[in-house]
file entry_24.txt (compact mmCIF, C-alpha atoms and all ligand atoms)
# COMPACT_ATOMS: atom_id res chain seq x y z
CA MET A 1 0.00 0.00 0.00
CA THR A 2 1.25 3.50 -0.87
CA GLU A 3 0.09 6.41 1.27
CA HIS A 4 -0.77 9.65 -0.53
CA HIS A 5 -0.97 13.20 0.73
CA TYR A 6 -3.12 15.59 -1.25
CA ARG A 7 -3.29 19.24 -0.22
CA MET A 8 -5.30 20.75 -3.02
CA ASP A 9 -8.63 20.09 -4.63
CA PHE A 10 -9.09 20.54 -8.37
CA PRO A 11 -12.78 20.20 -9.25
CA VAL A 12 -13.51 19.62 -12.93
CA GLY A 13 -17.00 20.19 -14.35
CA TRP A 14 -18.57 18.42 -17.31
CA GLU A 15 -17.96 21.33 -19.70
CA GLU A 16 -14.28 21.59 -18.82
CA LEU A 17 -13.88 17.83 -19.12
CA HIS A 18 -15.63 17.85 -22.49
CA ARG A 19 -13.39 20.70 -23.73
CA ASN A 20 -10.26 18.86 -22.60
CA ALA A 21 -11.39 15.61 -24.22
CA ARG A 22 -12.09 17.43 -27.49
CA ALA A 23 -8.65 19.06 -27.30
CA LEU A 24 -7.17 15.60 -26.87
CA ALA A 25 -9.14 14.36 -29.90
CA TRP A 26 -7.63 17.21 -31.99
CA ARG A 27 -4.12 16.31 -30.89
CA LEU A 28 -4.63 12.61 -31.64
CA LEU A 29 -6.22 13.25 -35.05
CA ASP A 30 -3.10 15.25 -35.92
CA LYS A 31 -0.93 12.28 -35.03
CA GLY A 32 -2.30 9.91 -37.66
CA GLN A 33 -4.67 7.02 -38.24
CA TRP A 34 -6.01 4.90 -35.39
CA ASN A 35 -7.59 1.45 -35.44
CA GLY A 36 -9.46 1.83 -32.18
CA ILE A 37 -9.59 2.94 -28.56
CA ILE A 38 -8.91 0.94 -25.41
CA ALA A 39 -10.41 2.51 -22.28
CA ILE A 40 -8.93 1.80 -18.87
CA THR A 41 -11.90 1.33 -16.54
CA ARG A 42 -13.48 3.08 -15.05
CA GLY A 43 -12.01 6.59 -15.43
CA GLY A 44 -11.09 6.11 -19.09
CA LEU A 45 -14.66 5.31 -20.16
CA VAL A 46 -16.02 8.86 -20.42
CA PRO A 47 -12.99 10.27 -22.29
CA ALA A 48 -13.13 7.19 -24.56
CA ALA A 49 -16.74 7.97 -25.50
CA ILE A 50 -15.89 11.60 -26.34
CA LEU A 51 -12.81 10.61 -28.38
CA ALA A 52 -14.84 7.98 -30.24
CA ARG A 53 -17.46 10.55 -31.22
CA GLU A 54 -14.99 13.24 -32.27
CA MET A 55 -12.62 10.89 -34.09
CA ASP A 56 -15.31 8.73 -35.74
CA ILE A 57 -13.98 5.55 -34.12
CA ARG A 58 -16.35 2.63 -33.47
CA MET A 59 -13.88 -0.01 -32.30
CA ILE A 60 -13.68 0.32 -28.51
CA ASP A 61 -12.31 -2.17 -26.02
CA THR A 62 -11.52 -2.06 -22.30
CA ILE A 63 -8.80 -3.01 -19.87
CA CYS A 64 -10.64 -3.53 -16.59
CA VAL A 65 -8.57 -2.74 -13.48
CA VAL A 66 -9.01 -2.16 -9.75
CA SER A 67 -6.43 -0.10 -7.88
CA TYR A 68 -7.31 2.73 -5.47
CA GLN A 69 -9.45 2.27 -2.39
CA LYS A 70 -11.43 5.41 -1.78
CA SER A 71 -11.61 5.19 1.95
CA ASP A 72 -12.04 8.63 3.48
CA THR A 73 -15.08 10.83 3.90
CA TYR A 74 -14.23 13.20 1.07
CA GLY A 75 -13.61 10.62 -1.65
CA THR A 76 -9.85 11.25 -1.75
CA ALA A 77 -7.89 8.01 -2.01
CA ALA A 78 -6.02 7.31 1.21
CA ALA A 79 -4.21 4.29 -0.16
CA GLN A 80 -3.47 2.55 -3.43
CA GLY A 81 -3.57 -1.22 -3.24
CA ASP A 82 -2.14 -3.79 -5.62
CA LEU A 83 -3.38 -3.41 -9.15
CA THR A 84 -5.71 -6.23 -10.21
CA VAL A 85 -6.50 -6.75 -13.89
CA LEU A 86 -10.00 -8.18 -14.32
CA LYS A 87 -9.89 -8.16 -18.13
CA GLY A 88 -7.07 -7.55 -20.61
CA VAL A 89 -6.93 -7.11 -24.38
CA ALA A 90 -5.31 -9.38 -27.00
CA GLY A 91 -2.34 -8.09 -29.02
CA ASP A 92 0.34 -5.47 -28.43
CA GLY A 93 -1.79 -2.33 -28.88
CA GLU A 94 -0.42 -1.36 -32.29
CA GLY A 95 -2.52 1.44 -33.82
CA MET A 96 -4.65 1.73 -30.70
CA ILE A 97 -5.23 4.69 -28.38
CA LEU A 98 -5.05 3.62 -24.75
CA ILE A 99 -7.03 6.18 -22.77
CA ASP A 100 -7.36 7.00 -19.09
CA ASP A 101 -8.71 10.07 -17.30
CA LEU A 102 -5.42 10.80 -15.54
CA VAL A 103 -2.00 9.57 -14.57
CA ASP A 104 -0.98 10.14 -10.94
CA THR A 105 1.84 7.96 -9.52
CA GLY A 106 2.10 6.19 -12.88
CA LYS A 107 1.44 2.78 -11.38
CA THR A 108 -1.60 2.05 -13.57
CA ALA A 109 0.15 3.46 -16.63
CA ARG A 110 3.24 1.32 -16.07
CA HIS A 111 1.14 -1.80 -15.81
CA VAL A 112 -1.03 -1.20 -18.88
CA ARG A 113 1.94 -0.09 -20.97
CA GLU A 114 3.60 -3.40 -20.23
CA MET A 115 0.44 -5.18 -21.35
CA LEU A 116 0.16 -3.13 -24.59
CA PRO A 117 3.66 -1.76 -25.38
CA LYS A 118 2.74 -0.44 -28.85
CA ALA A 119 -0.42 1.43 -27.83
CA HIS A 120 -0.43 5.25 -27.71
CA PHE A 121 -1.14 6.11 -24.08
CA ALA A 122 -3.23 9.28 -23.65
CA THR A 123 -4.80 11.00 -20.64
CA LEU A 124 -6.66 14.24 -20.01
CA TYR A 125 -4.69 15.09 -16.84
CA ALA A 126 -1.16 14.25 -15.71
CA LYS A 127 0.74 14.70 -12.45
CA PRO A 128 4.55 14.96 -12.59
CA ALA A 129 5.30 11.43 -11.35
CA GLY A 130 3.24 9.84 -14.09
CA LYS A 131 3.85 12.35 -16.88
CA PRO A 132 6.86 10.57 -18.44
CA LEU A 133 4.69 7.50 -19.04
CA VAL A 134 2.07 9.37 -21.11
CA ASP A 135 2.43 9.91 -24.86
CA THR A 136 -0.20 12.68 -25.06
CA PHE A 137 -2.00 14.57 -22.28
CA ILE A 138 -3.80 17.93 -22.07
CA THR A 139 -3.48 19.44 -18.56
CA GLU A 140 -0.79 19.07 -15.90
CA VAL A 141 -1.58 19.47 -12.18
CA SER A 142 0.79 19.27 -9.21
CA GLN A 143 1.44 15.98 -7.45
CA ASP A 144 -0.33 17.11 -4.26
CA THR A 145 -3.56 17.94 -6.10
CA TRP A 146 -6.60 15.67 -6.06
CA ILE A 147 -8.65 15.99 -9.23
CA ARG A 148 -12.40 15.71 -8.71
CA PHE A 149 -14.18 14.42 -11.77
CA PRO A 150 -17.78 15.43 -12.51
CA TRP A 151 -19.06 11.86 -12.20
CA ASP A 152 -17.79 11.78 -8.59
CA MET A 153 -19.51 15.03 -7.58
CA GLU A 154 -22.92 16.53 -6.87
CA HIS A 155 -24.07 20.07 -6.10
CA THR A 156 -23.68 20.73 -2.39
CA PHE A 157 -22.45 23.30 0.15
CA SER A 158 -18.96 24.60 -0.64
CA THR A 159 -16.56 24.69 2.33
CA PRO A 160 -14.48 27.94 2.41
CA LEU A 161 -10.92 27.37 1.15
CA ALA A 162 -9.44 28.46 4.52
CA GLU A 163 -11.17 25.54 6.25
CA ARG A 164 -10.22 22.86 3.75
CA PRO A 165 -6.74 21.92 5.09
CA LYS A 166 -8.50 20.46 8.15
CA MET A 167 -10.62 18.32 5.88
CA LEU A 168 -7.77 17.04 3.73
CA GLY A 169 -5.62 16.24 6.81
O1 LIG A 201 -1.20 6.81 -11.77
P1 LIG A 201 -1.93 6.08 -10.70
O2 LIG A 201 -1.41 6.42 -9.32
O3 LIG A 201 -1.98 4.59 -10.93
O4 LIG A 201 -3.44 6.61 -10.69
C1 LIG A 201 -4.20 6.80 -11.84
C2 LIG A 201 -5.38 5.87 -11.86
O5 LIG A 201 -6.20 6.10 -10.70
C3 LIG A 201 -7.54 6.37 -11.08
O6 LIG A 201 -8.29 5.19 -11.20
P2 LIG A 201 -8.91 4.48 -9.91
O7 LIG A 201 -7.97 3.39 -9.44
O8 LIG A 201 -9.29 5.49 -8.88
O9 LIG A 201 -10.19 3.72 -10.43
P3 LIG A 201 -11.42 4.18 -11.32
O10 LIG A 201 -10.87 4.64 -12.63
O11 LIG A 201 -12.23 2.92 -11.43
O12 LIG A 201 -12.14 5.26 -10.58
C4 LIG A 201 -7.42 6.97 -12.46
O13 LIG A 201 -8.62 6.77 -13.20
C5 LIG A 201 -6.26 6.21 -13.06
O14 LIG A 201 -6.71 5.01 -13.67
O1 LIG A 202 -10.59 11.04 -8.91
C1 LIG A 202 -9.35 10.91 -8.83
N1 LIG A 202 -8.55 12.03 -8.71
C2 LIG A 202 -7.18 11.98 -8.62
O2 LIG A 202 -6.50 13.01 -8.52
C3 LIG A 202 -6.60 10.68 -8.63
N2 LIG A 202 -5.31 10.22 -8.52
C4 LIG A 202 -5.38 8.90 -8.59
N3 LIG A 202 -6.66 8.47 -8.73
C5 LIG A 202 -7.44 9.56 -8.76
N4 LIG A 202 -8.79 9.67 -8.85
MG MG A 203 -8.85 4.64 -13.25

call {"tool": "encode", "arguments": {"input": "entry_24.txt", "output": "structure tokens"}}
result
Amino acid sequence: MTEHHYRMDFPVGWEELHRNARALAWRLLDKGQWNGIIAITRGGLVPAAILAREMDIRMIDTICVVSYQKSDTYGTAAAQGDLTVLKGVAGDGEGMILIDDLVDTGKTARHVREMLPKAHFATLYAKPAGKPLVDTFITEVSQDTWIRFPWDMEHTFSTPLAERPKMLG
């Protein structure tokens, strides 16, 4: 188990996510022809759907993995367990876009890159530790930032910034 310490919150809304995913689609279209998309579950599924629509790709597969345990009250991962692959993909990934929502420590990226060494690994967000493992990403955030994706959030009371360090520990 690896312990993580996150000091900052980076909430991302649906519109911002959509804009970033479309920016990624532009970048990938510029890089050539693709045979399909492989989404890393679960975070890669939404970006995969947006890429597929923008890039006119119908061939979509998944690598199904379990890694983080979200164990504290605020949904921030306190620990990352061993990575378990529930379902892989045949082949070496040639001509395929391997997509995830973000790369953090790089543990997931390292694992899936070993499984599909020829795939083009793309994410919307990257933290410095994982950045070298990504072929194309859109936005970098600092290592001590926790990104909050729209599918993990709902409209609720917003705690003033000055009080948040107590919450994040
Ligand atoms: O670079 P790493 O430190 O490995 O972290 C990145 C991974 O963590 C998150 O997935 P998570 O395990 O939370 O599962 P989920 O996609 O099912 O929400 C994210 O979607 C990446 O897949
Ligand atoms: O929702 C998430 N936000 C993050 O910053 C992160 N890092 C690893 N796994 C993550 N999941
Ligand atoms: Mg994930």

call {"tool": "residues_near_ligand", "arguments": {"input": "entry_24.txt", "ligand": "ligand MG 203 (chain A)", "cutoff": "10 Å", "atoms": "all atoms listed in the file", "output": "count of residues only"}}
result
20

call {"tool": "residues_around", "arguments": {"input": "entry_24.txt", "residues": "Pro47 (chain A)", "least_positions_apart": "5", "cutoff": "12 Å", "atoms": "only C-alpha atoms", "output": "VMD selection string"}}
result
chain A and resid 14 16 to 25 37 to 42 52 to 55 60 97 to 102 122 to 125 137 to 138 149 151

call {"tool": "write_last_selection", "arguments": {"input": "entry_24.txt", "atoms": "C-alpha atoms", "output": "tab-separated table (two decimals), in the coordinates of the input"}}
result
chain	number	residue	atom	x	y	z
A	14	TRP	CA	-18.57	18.42	-17.31
A	16	GLU	CA	-14.28	21.59	-18.82
A	17	LEU	CA	-13.88	17.83	-19.12
A	18	HIS	CA	-15.63	17.85	-22.49
A	19	ARG	CA	-13.39	20.70	-23.73
A	20	ASN	CA	-10.26	18.86	-22.60
A	21	ALA	CA	-11.39	15.61	-24.22
A	22	ARG	CA	-12.09	17.43	-27.49
A	23	ALA	CA	-8.65	19.06	-27.30
A	24	LEU	CA	-7.17	15.60	-26.87
A	25	ALA	CA	-9.14	14.36	-29.90
A	37	ILE	CA	-9.59	2.94	-28.56
A	38	ILE	CA	-8.91	0.94	-25.41
A	39	ALA	CA	-10.41	2.51	-22.28
A	40	ILE	CA	-8.93	1.80	-18.87
A	41	THR	CA	-11.90	1.33	-16.54
A	42	ARG	CA	-13.48	3.08	-15.05
A	52	ALA	CA	-14.84	7.98	-30.24
A	53	ARG	CA	-17.46	10.55	-31.22
A	54	GLU	CA	-14.99	13.24	-32.27
A	55	MET	CA	-12.62	10.89	-34.09
A	60	ILE	CA	-13.68	0.32	-28.51
A	97	ILE	CA	-5.23	4.69	-28.38
A	98	LEU	CA	-5.05	3.62	-24.75
A	99	ILE	CA	-7.03	6.18	-22.77
A	100	ASP	CA	-7.36	7.00	-19.09
A	101	ASP	CA	-8.71	10.07	-17.30
A	102	LEU	CA	-5.42	10.80	-15.54
A	122	ALA	CA	-3.23	9.28	-23.65
A	123	THR	CA	-4.80	11.00	-20.64
A	124	LEU	CA	-6.66	14.24	-20.01
A	125	TYR	CA	-4.69	15.09	-16.84
A	137	PHE	CA	-2.00	14.57	-22.28
A	138	ILE	CA	-3.80	17.93	-22.07
A	149	PHE	CA	-14.18	14.42	-11.77
A	151	TRP	CA	-19.06	11.86	-12.20

call {"tool": "residues_near_point", "arguments": {"input": "entry_24.txt", "point": "(-5.6, 18.9, 1.0)", "cutoff": "6 Å", "atoms": "all atoms listed in the file", "output": "PyMOL selection string"}}
result
chain A and resi 6-8+165+168

call {"tool": "atom_distance", "arguments": {"input": "entry_24.txt", "atom1": "CA of Leu161 (chain A)", "atom2": "CA of Val46 (chain A)"}}
result
28.9 Å

call {"tool": "closest_residue", "arguments": {"input": "entry_24.txt", "among": "A:Pro160, A:Arg110, A:Thr105, A:Asp82", "to": "Thr145 (chain A)", "atoms": "all atoms listed in the file"}}
result
A:Thr105

call {"tool": "closest_residue", "arguments": {"input": "entry_24.txt", "among": "A:Ala90, A:Ile63, A:Ala162, A:Leu116", "to": "ligand LIG 201 (chain A)", "atoms": "all atoms listed in the file"}}
result
A:Ile63

call {"tool": "build_atoms", "arguments": {"input": "entry_24.txt", "residues": "region 43-62 of chain A", "atoms": "N, CA and C atoms", "output": "PDB file, in the frame of the given file"}}
result
ATOM      1  N   GLY A  43     -12.208   5.175 -15.105  1.00  0.00           N
ATOM      2  CA  GLY A  43     -12.010   6.590 -15.430  1.00  0.00           C
ATOM      3  C   GLY A  43     -11.813   6.877 -16.907  1.00  0.00           C
ATOM      4  N   GLY A  44     -11.332   5.879 -17.666  1.00  0.00           N
ATOM      5  CA  GLY A  44     -11.090   6.110 -19.090  1.00  0.00           C
ATOM      6  C   GLY A  44     -12.341   6.025 -19.945  1.00  0.00           C
ATOM      7  N   LEU A  45     -13.464   5.572 -19.351  1.00  0.00           N
ATOM      8  CA  LEU A  45     -14.660   5.310 -20.160  1.00  0.00           C
ATOM      9  C   LEU A  45     -15.286   6.579 -20.737  1.00  0.00           C
ATOM     10  N   VAL A  46     -15.384   7.629 -19.926  1.00  0.00           N
ATOM     11  CA  VAL A  46     -16.020   8.860 -20.420  1.00  0.00           C
ATOM     12  C   VAL A  46     -15.136   9.530 -21.475  1.00  0.00           C
ATOM     13  N   PRO A  47     -13.838   9.727 -21.222  1.00  0.00           N
ATOM     14  CA  PRO A  47     -12.990  10.270 -22.290  1.00  0.00           C
ATOM     15  C   PRO A  47     -13.013   9.419 -23.544  1.00  0.00           C
ATOM     16  N   ALA A  48     -13.091   8.087 -23.388  1.00  0.00           N
ATOM     17  CA  ALA A  48     -13.130   7.190 -24.560  1.00  0.00           C
ATOM     18  C   ALA A  48     -14.364   7.478 -25.409  1.00  0.00           C
ATOM     19  N   ALA A  49     -15.505   7.705 -24.758  1.00  0.00           N
ATOM     20  CA  ALA A  49     -16.740   7.970 -25.500  1.00  0.00           C
ATOM     21  C   ALA A  49     -16.630   9.283 -26.276  1.00  0.00           C
ATOM     22  N   ILE A  50     -16.015  10.287 -25.663  1.00  0.00           N
ATOM     23  CA  ILE A  50     -15.890  11.600 -26.340  1.00  0.00           C
ATOM     24  C   ILE A  50     -14.904  11.492 -27.507  1.00  0.00           C
ATOM     25  N   LEU A  51     -13.777  10.814 -27.284  1.00  0.00           N
ATOM     26  CA  LEU A  51     -12.810  10.610 -28.380  1.00  0.00           C
ATOM     27  C   LEU A  51     -13.473   9.865 -29.540  1.00  0.00           C
ATOM     28  N   ALA A  52     -14.211   8.808 -29.200  1.00  0.00           N
ATOM     29  CA  ALA A  52     -14.840   7.980 -30.240  1.00  0.00           C
ATOM     30  C   ALA A  52     -15.757   8.819 -31.110  1.00  0.00           C
ATOM     31  N   ARG A  53     -16.528   9.694 -30.479  1.00  0.00           N
ATOM     32  CA  ARG A  53     -17.460  10.550 -31.220  1.00  0.00           C
ATOM     33  C   ARG A  53     -16.710  11.545 -32.096  1.00  0.00           C
ATOM     34  N   GLU A  54     -15.708  12.194 -31.525  1.00  0.00           N
ATOM     35  CA  GLU A  54     -14.990  13.240 -32.270  1.00  0.00           C
ATOM     36  C   GLU A  54     -14.104  12.666 -33.370  1.00  0.00           C
ATOM     37  N   MET A  55     -13.584  11.447 -33.152  1.00  0.00           N
ATOM     38  CA  MET A  55     -12.620  10.890 -34.090  1.00  0.00           C
ATOM     39  C   MET A  55     -13.259   9.874 -35.039  1.00  0.00           C
ATOM     40  N   ASP A  56     -14.564   9.676 -34.904  1.00  0.00           N
ATOM     41  CA  ASP A  56     -15.310   8.730 -35.740  1.00  0.00           C
ATOM     42  C   ASP A  56     -14.732   7.313 -35.627  1.00  0.00           C
ATOM     43  N   ILE A  57     -14.517   6.893 -34.388  1.00  0.00           N
ATOM     44  CA  ILE A  57     -13.980   5.550 -34.120  1.00  0.00           C
ATOM     45  C   ILE A  57     -15.092   4.708 -33.482  1.00  0.00           C
ATOM     46  N   ARG A  58     -15.283   3.508 -34.002  1.00  0.00           N
ATOM     47  CA  ARG A  58     -16.350   2.630 -33.470  1.00  0.00           C
ATOM     48  C   ARG A  58     -15.781   1.438 -32.704  1.00  0.00           C
ATOM     49  N   MET A  59     -14.498   1.166 -32.930  1.00  0.00           N
ATOM     50  CA  MET A  59     -13.880  -0.010 -32.300  1.00  0.00           C
ATOM     51  C   MET A  59     -13.361   0.402 -30.910  1.00  0.00           C
ATOM     52  N   ILE A  60     -14.045  -0.067 -29.880  1.00  0.00           N
ATOM     53  CA  ILE A  60     -13.680   0.320 -28.510  1.00  0.00           C
ATOM     54  C   ILE A  60     -13.601  -0.910 -27.628  1.00  0.00           C
ATOM     55  N   ASP A  61     -12.488  -1.032 -26.928  1.00  0.00           N
ATOM     56  CA  ASP A  61     -12.310  -2.170 -26.020  1.00  0.00           C
ATOM     57  C   ASP A  61     -11.966  -1.617 -24.633  1.00  0.00           C
ATOM     58  N   THR A  62     -11.850  -2.497 -23.660  1.00  0.00           N
ATOM     59  CA  THR A  62     -11.520  -2.060 -22.300  1.00  0.00           C
ATOM     60  C   THR A  62     -10.426  -2.928 -21.685  1.00  0.00           C
TER      61      THR A  62
END
